[in-house]
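Below is one structure, written out as structure tokens; comments come after it.
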Amino acid sequence: MVDVAVIGAGVVGALIARELSRYQLSVLLLEKADDVAMGTSKANSAIVHAGFDCVPGSLMAKLNVDGNRMMEKVTEELSVPFKRNGSLVLAFDEQDNETLKTLLDRGIKNGVPGVRIISGDEAREMEPRLSEAVTAALYAPTGGIVCPYELTIAAAGNAMDNGAELKTGFTLTGASYENGVWTLTSAEGEQVQARFVVNAAGLMSDTVAALFGDTDYQIQPRRGEYMLLDRDQGKTVSHTIFQCPTKMGKGILVTPTVDGNLLLGPTSENQESKEDVATTAEGLRTVAQLAAKSVPSVNTRAVITSFTGLRSCSAGHDFIIEPSAHSEHVLHLTGIESPGLSSAPAIAQYAVEKLGEMGLELAPKADFDPIRKPIPKFREMNEEERRKLIEEDSRFGQIICRCETVTEGEIVRALHQNPPAHDLDGVKRRTRTGMGRCSGGFCTPQAVEIIARELGIPVEAVTKCGGSSKLLFGKTKEGGRDE
Amino acid sequence: MNERMERDLVIIGGGPAGLAAAVAAAENGIDPSDILILEREPELGGILLQCIHNGFGIHRFGEELSGPEYAARFAKRVEELNIPSMLSTMVLTLEQGENGRKEITAVSSANGLTEISAKAVVLAMGCRERNRGALNIPGTRPAGIYTAGAAQKFVNIKGYMPGKKVVILGSGDIGLIMARRMTLEGAKVQAVAELLPYSGGLSRNIQQCLRDFDIPLLLSHTITKVHGKERVEGVTISEVDERRNPIPGTEQFIECDTILLSCGLIPENELTRQAGIALDPVTGGAAVSESRETGMAGVFAAGNVLHVHDLVDFVSEEAEMAGKSAARWLKGETAEAELQMPVRPEGVIRYVVPQTLSLPQKEDVRLFFRVGQVVEKVNIIVSCGDKQLYKGAKQKVLPGEMESVTVKASALEGLTGEQITVKLEKR
């Protein structure tokens, strides 16, 4: 039995697990997918919002601004790239100008540092490729960019390094309470026991809440389609460029990513399914068109991948972080839509405080180490660092992914370091193998062999992302050559 | 470990282009021990090693060889000439150093970081396949979507089947070859869909790889949706109009577990770009003179890294030209050009290689070009100002087949125009 089971290994669940691992507690992180960061945390705008969008006085406003402020420290401790590149919200007409004023007012009330309205010309001076049609912009110097799945992976990894346990492939289907102990049952019939339960199930948080008798929550999946452009387009803009928000979200953005690509999107459309993340021709066309409204020269032909993410919206559009109304020792986090990523470090802290109020003993652990040792990034090293690394382990001299300059050593680390990758996509998210412009055309066969070797499984058993996503259908007629 | 080397000529890439360039340089007076081939794979031969079908070398050797056999002929010459190579070695950077030298940093497990200072360089890194992301195909993102070349590597080198029921998008040669290869391995190839109204592949491959196996080729069709959550379960294919937009109402679902992409090749010029060498936006390769010298003096380029070829025979030929030019340049035999005359495509001609011509010119020059659409009964005309330098008739020109014309050195004397143009004229 553990002290706390956290359901959902997205960015919120992973950061809560890390926060809990500061204390003398046993922590179990449960995830239905084959890896962490497989839901909303995998596919979003990768933005650390300054905090001017949120309605003043809301929980969202407080946690956004706090989370933004905390981002430097948490990303530094976890060795996750984060950049405070500043953001601009563009106005194209009189109505937009009014919106900017509202946002400025909210920003000031929310305590967003340095937020101000600048003229179209000033905006173009900051971003020469902005449209001539831009009449004004709201500038927020504290806006930033971060890699959401890297943050999640690092947070889960650091929690594990500090004693937390991660169980993937665990889809929660049942919960029962007896003598102060929750028994959680998976779809496969596996059972784990915990004294406290944290529901951080994102899109599924309403379904999970219902298992604890709380049937009032409802999550509305809202799809957003994105296009990711080649690194050679990454310098098109340096700030995150928003359009004026609407009821459906913060509009189409154009932003550099921490990895040097350019990201365009998202569209915004409610849908029934919590699983359908297919892209559509229409959606991608919309992304391209609207991105060009902000930055006319944006080169959408340089797309290297496109994807759809699902936001988990609640009716009130505020974060809901509260103890279960029907069950003891259960904390729900639901409606964590944008700016959930930006707020995540503050959400985690807030959630753990709540757990404390609910009776969880929070005795600090003397040996908690907040620092995570990252997988070395060969491509970002200088010559001296590279020499040293190869001397320690010659596998860091073998380039596997030529587009992103990823070495065999990095892939091996990704398969063994907390939280270990189990599949090709897991390796990709941890190392960028296959994430470049050839999209794995060259390195996939080699990466698959390394995964099989390191995990001690047949090559045919390697999957793209767990489950039945197998990559190969057995041997050829002649059975292949012996390696 | 971590050595520093000096070489007259470094050849980046040990595929067909690199090997031919190395041999030509050695045969034109460069001491083989002053040449070094850098190859990222553990063997010389490049992509030919996975091309186990025949059809290579018809022009060059007058016989039909398999890819590995073709590569072996050049690798053998490299060995006979004692031209050294470093395998499993990836070049990380190429920079202009002092005194016109080129500084190369490469990495391998065996040798760690290696710095090589070269007088001249031949770029021969080949090309890569356009992938799903670049094609922006809507739908889900399941396992089972491969470029034809990745599938070829799995089947021919690794011995694994990437799928059993296949739809191929694009009728490039690798896709056609893989349609046959997958069929021979027991897979069912449901269809080959081609966006354009004609195939970009060689006519012989359409016959031998599709028709002979009753595999339907759907021209003016494309995949408009990928189905399947974890593994591909099917595709929606739609017919497209003249502007290549899907026509509503023409959607058909085809069940499959695998999608292979054969939608064009892109020269791999990351290193070239990083070195600051100017590229031709149409070819995706460096802009070169007739000697295949790039904008950086002493750096030459040849083969698919320069522009994508249809046949390896022509890759070898071009690489020999680059190797020979590099040898001449190293020996100081290159006459100082008075002028670099631009060579420009016009009309349906998409590009011309070389992009410039050194004048005065003592030798005949071959101009290679590719068209953007099928045109029948044409004259190919090369001119400069009012002067016609070449005129020749052609029954049919196809986007899938590279064309070339030879302009006589005598025609290049006393040119007064500002550029040389290559165009087609209807007969």
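Labels for the structure tokens follow display order: chains A, B, ..., residues from 1 in each chain, ligands from 1.
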Who sits within 7 Å of Val36 (chain A), only C-alpha atoms, same chain under 6 positions skipped, as a ChimeraX atom specification:
/A:9-10,152-153
Create the file for the chosen residues now, containing C-alpha atoms and written as a PDB file, in the first residue's frame.
ATOM      1  CA  ALA A   9       1.000  11.066 -15.540  1.00  0.00           C
ATOM      2  CA  GLY A  10       0.499  14.251 -17.480  1.00  0.00           C
ATOM      3  CA  THR A 152       6.525  15.949 -17.743  1.00  0.00           C
ATOM      4  CA  ILE A 153       9.177  13.301 -18.359  1.00  0.00           C
TER       5      ILE A 153
END
Could you make a table, as CSV, of the residues of chain B that have an atom within 7 Å of an atom of chain A, each with its nearest atom pair and distance in Å to one decimal, counting only C-alpha atoms, in chain and number order?
residue,atom,partner,partner_atom,distance
B:Met90,CA,A:Ile399,CA,6.8
B:Val107,CA,A:Gly397,CA,5.7
B:Ser108,CA,A:Gly397,CA,4.6
B:Ser109,CA,A:Gly397,CA,4.1
B:Gly112,CA,A:Gly397,CA,5.7
B:Leu113,CA,A:Arg387,CA,6.4
B:Arg128,CA,A:Cys438,CA,6.8
B:Glu129,CA,A:Cys438,CA,6.9
B:Arg130,CA,A:Cys438,CA,7.0
B:Asn131,CA,A:Cys438,CA,6.3
B:Gly133,CA,A:Thr305,CA,3.9
B:Ala134,CA,A:Ile304,CA,4.8
B:Asn136,CA,A:Ser306,CA,6.6
B:Pro138,CA,A:Thr280,CA,4.8
B:Gly139,CA,A:Ala278,CA,4.3
B:Thr140,CA,A:Ala278,CA,4.1
B:Pro142,CA,A:Ser469,CA,6.8
B:Ala143,CA,A:Ser469,CA,5.3
B:Gly144,CA,A:Leu471,CA,6.0
B:Thr147,CA,A:Gly441,CA,6.0
B:Ala150,CA,A:Gly441,CA,5.4
B:Phe154,CA,A:Pro445,CA,6.3
B:Val155,CA,A:Thr476,CA,6.6
B:Lys158,CA,A:Gly480,CA,5.8
B:Gly159,CA,A:Gly480,CA,3.4
B:Tyr160,CA,A:Lys475,CA,4.2
B:Met161,CA,A:Phe473,CA,5.2
B:Pro162,CA,A:Leu472,CA,4.5
B:Gly163,CA,A:Phe473,CA,5.6
B:Glu185,CA,A:Lys477,CA,6.1
B:Glu230,CA,A:Ser469,CA,4.3
B:Arg231,CA,A:Ser469,CA,4.8
Selection above as a file: N, CA and C atoms, as a tab-separated table (two decimals), in the first residue's frame:
chain	number	residue	atom	x	y	z
B	90	MET	N	30.37	10.24	-38.91
B	90	MET	CA	29.42	11.27	-39.33
B	90	MET	C	30.09	12.63	-39.29
B	107	VAL	N	32.62	12.61	-36.28
B	107	VAL	CA	32.56	11.84	-35.03
B	107	VAL	C	32.28	10.37	-35.33
B	108	SER	N	32.89	9.53	-34.53
B	108	SER	CA	32.61	8.10	-34.61
B	108	SER	C	32.87	7.49	-33.25
B	109	SER	N	32.30	6.30	-33.04
B	109	SER	CA	32.55	5.59	-31.78
B	109	SER	C	34.03	5.22	-31.69
B	112	GLY	N	36.21	8.81	-31.82
B	112	GLY	CA	35.75	10.00	-31.14
B	112	GLY	C	35.62	11.16	-32.12
B	113	LEU	N	35.95	12.34	-31.65
B	113	LEU	CA	35.89	13.51	-32.54
B	113	LEU	C	37.17	13.58	-33.34
B	128	ARG	N	17.41	12.33	-49.20
B	128	ARG	CA	16.49	11.62	-48.33
B	128	ARG	C	15.09	11.68	-48.95
B	129	GLU	N	14.19	10.91	-48.37
B	129	GLU	CA	12.84	10.84	-48.92
B	129	GLU	C	11.93	11.85	-48.24
B	130	ARG	N	11.02	12.37	-49.02
B	130	ARG	CA	10.00	13.26	-48.44
B	130	ARG	C	9.10	12.39	-47.57
B	131	ASN	N	8.74	12.89	-46.39
B	131	ASN	CA	8.01	12.05	-45.45
B	131	ASN	C	6.60	12.54	-45.24
B	133	GLY	N	5.14	13.96	-42.70
B	133	GLY	CA	4.98	15.30	-42.15
B	133	GLY	C	5.05	16.35	-43.23
B	134	ALA	N	6.05	16.19	-44.10
B	134	ALA	CA	6.24	17.17	-45.17
B	134	ALA	C	5.07	17.13	-46.14
B	136	ASN	N	2.04	16.46	-45.17
B	136	ASN	CA	0.90	17.00	-44.42
B	136	ASN	C	-0.38	16.22	-44.68
B	138	PRO	N	-3.61	14.45	-43.71
B	138	PRO	CA	-4.44	14.47	-42.51
B	138	PRO	C	-4.77	13.07	-42.00
B	139	GLY	N	-5.24	13.03	-40.77
B	139	GLY	CA	-5.66	11.77	-40.18
B	139	GLY	C	-4.91	11.46	-38.91
B	140	THR	N	-4.96	10.18	-38.53
B	140	THR	CA	-4.31	9.76	-37.29
B	140	THR	C	-2.82	9.55	-37.53
B	142	PRO	N	-0.75	6.63	-36.59
B	142	PRO	CA	-0.46	5.30	-36.06
B	142	PRO	C	0.88	4.75	-36.55
B	143	ALA	N	1.25	3.56	-36.02
B	143	ALA	CA	2.41	2.85	-36.55
B	143	ALA	C	2.06	2.31	-37.92
B	144	GLY	N	3.06	2.11	-38.76
B	144	GLY	CA	2.81	1.51	-40.07
B	144	GLY	C	2.93	2.47	-41.23
B	147	THR	N	8.58	5.56	-45.06
B	147	THR	CA	9.02	5.91	-46.41
B	147	THR	C	9.39	4.59	-47.09
B	150	ALA	N	12.80	3.33	-46.06
B	150	ALA	CA	12.91	2.74	-44.72
B	150	ALA	C	12.37	1.31	-44.76
B	154	PHE	N	14.28	-2.28	-43.96
B	154	PHE	CA	13.76	-3.33	-43.08
B	154	PHE	C	13.73	-4.68	-43.80
B	155	VAL	N	13.22	-4.68	-45.04
B	155	VAL	CA	13.03	-5.94	-45.76
B	155	VAL	C	14.38	-6.49	-46.25
B	158	LYS	N	17.49	-5.76	-42.94
B	158	LYS	CA	17.22	-6.28	-41.60
B	158	LYS	C	16.44	-7.59	-41.63
B	159	GLY	N	15.71	-7.85	-42.72
B	159	GLY	CA	14.97	-9.10	-42.80
B	159	GLY	C	13.64	-9.10	-42.08
B	160	TYR	N	13.01	-7.93	-41.96
B	160	TYR	CA	11.71	-7.86	-41.30
B	160	TYR	C	10.67	-7.29	-42.24
B	161	MET	N	9.43	-7.73	-42.03
B	161	MET	CA	8.31	-7.22	-42.83
B	161	MET	C	7.65	-6.03	-42.14
B	162	PRO	N	7.66	-4.88	-42.79
B	162	PRO	CA	7.01	-3.73	-42.16
B	162	PRO	C	5.49	-3.77	-42.27
B	163	GLY	N	4.92	-4.70	-43.05
B	163	GLY	CA	3.48	-4.78	-43.14
B	163	GLY	C	3.05	-5.89	-44.09
B	185	GLU	N	7.47	-10.78	-51.21
B	185	GLU	CA	7.62	-11.26	-49.83
B	185	GLU	C	6.28	-11.69	-49.23
B	230	GLU	N	-3.73	2.77	-33.35
B	230	GLU	CA	-2.39	2.35	-32.96
B	230	GLU	C	-1.58	1.88	-34.17
B	231	ARG	N	-2.22	1.07	-35.03
B	231	ARG	CA	-1.59	0.65	-36.28
B	231	ARG	C	-2.51	1.10	-37.41
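Minimum atom-to-atom distance to Gly46 (chain B), evaluated using only C-alpha atoms, belongs to B:Ala124 out of B:Ala337, B:Ile223, B:Ala124, B:Ile420.
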